[in-house]
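J.: Can you keep this structure in mind? I'll have questions shortly.
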Amino acid sequence: MSIGLGKSKPCPICKKPSVAEFHPFCSARCADVDLNRWLTGAYVIPARDDEATQDDEDGALGYNEDDNI
Ligand SMILES: [Zn+2]
């Protein structure tokens, strides 16, 4: 790959190295998490490394990953 940007920023969601395909995220999952946070107006840059605390967000919406109707 030749993205002449030198260093790429880490994934803003989980701080893992980002992947070009999902830039600036590391995976489609993190991109989806970010999108959902923007949509719900609850975007906060996580200071932790774990993804297991997403349920602790005020419960504005009753779902997290159940995208199917
Ligand atoms: Zn990530």
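Going by the structure tokens order, chains are called A, B, ..., each with residues numbered from 1, while ligands are numbered from 1 in the order shown.
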Please write out the residues within 8 Å of ligand 1 as a ChimeraX atom specification, counting only C-alpha atoms and all ligand atoms.
T.: /A:10-18,25-27,29-31
J.: Can I get the selected residues back with C-alpha atoms, as a compact mmCIF listing (two decimals), in the first residue's frame?
T.:
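The file below, result37.txt, is the result:
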```
# COMPACT_ATOMS: atom_id res chain seq x y z
CA PRO A 10 -5.09 4.52 15.84
CA CYS A 11 -8.72 3.55 15.85
CA PRO A 12 -10.60 6.24 17.85
CA ILE A 13 -12.86 3.59 19.26
CA CYS A 14 -10.53 0.94 20.58
CA LYS A 15 -7.12 2.48 19.93
CA LYS A 16 -6.00 -0.39 17.81
CA PRO A 17 -4.07 0.30 14.60
CA SER A 18 -6.46 1.47 11.93
CA PHE A 25 -11.11 2.69 12.25
CA CYS A 26 -9.69 -0.77 12.70
CA SER A 27 -12.79 -2.64 11.64
CA ARG A 29 -17.50 -2.89 13.88
CA CYS A 30 -15.69 0.13 15.27
CA ALA A 31 -16.86 2.27 12.37
```
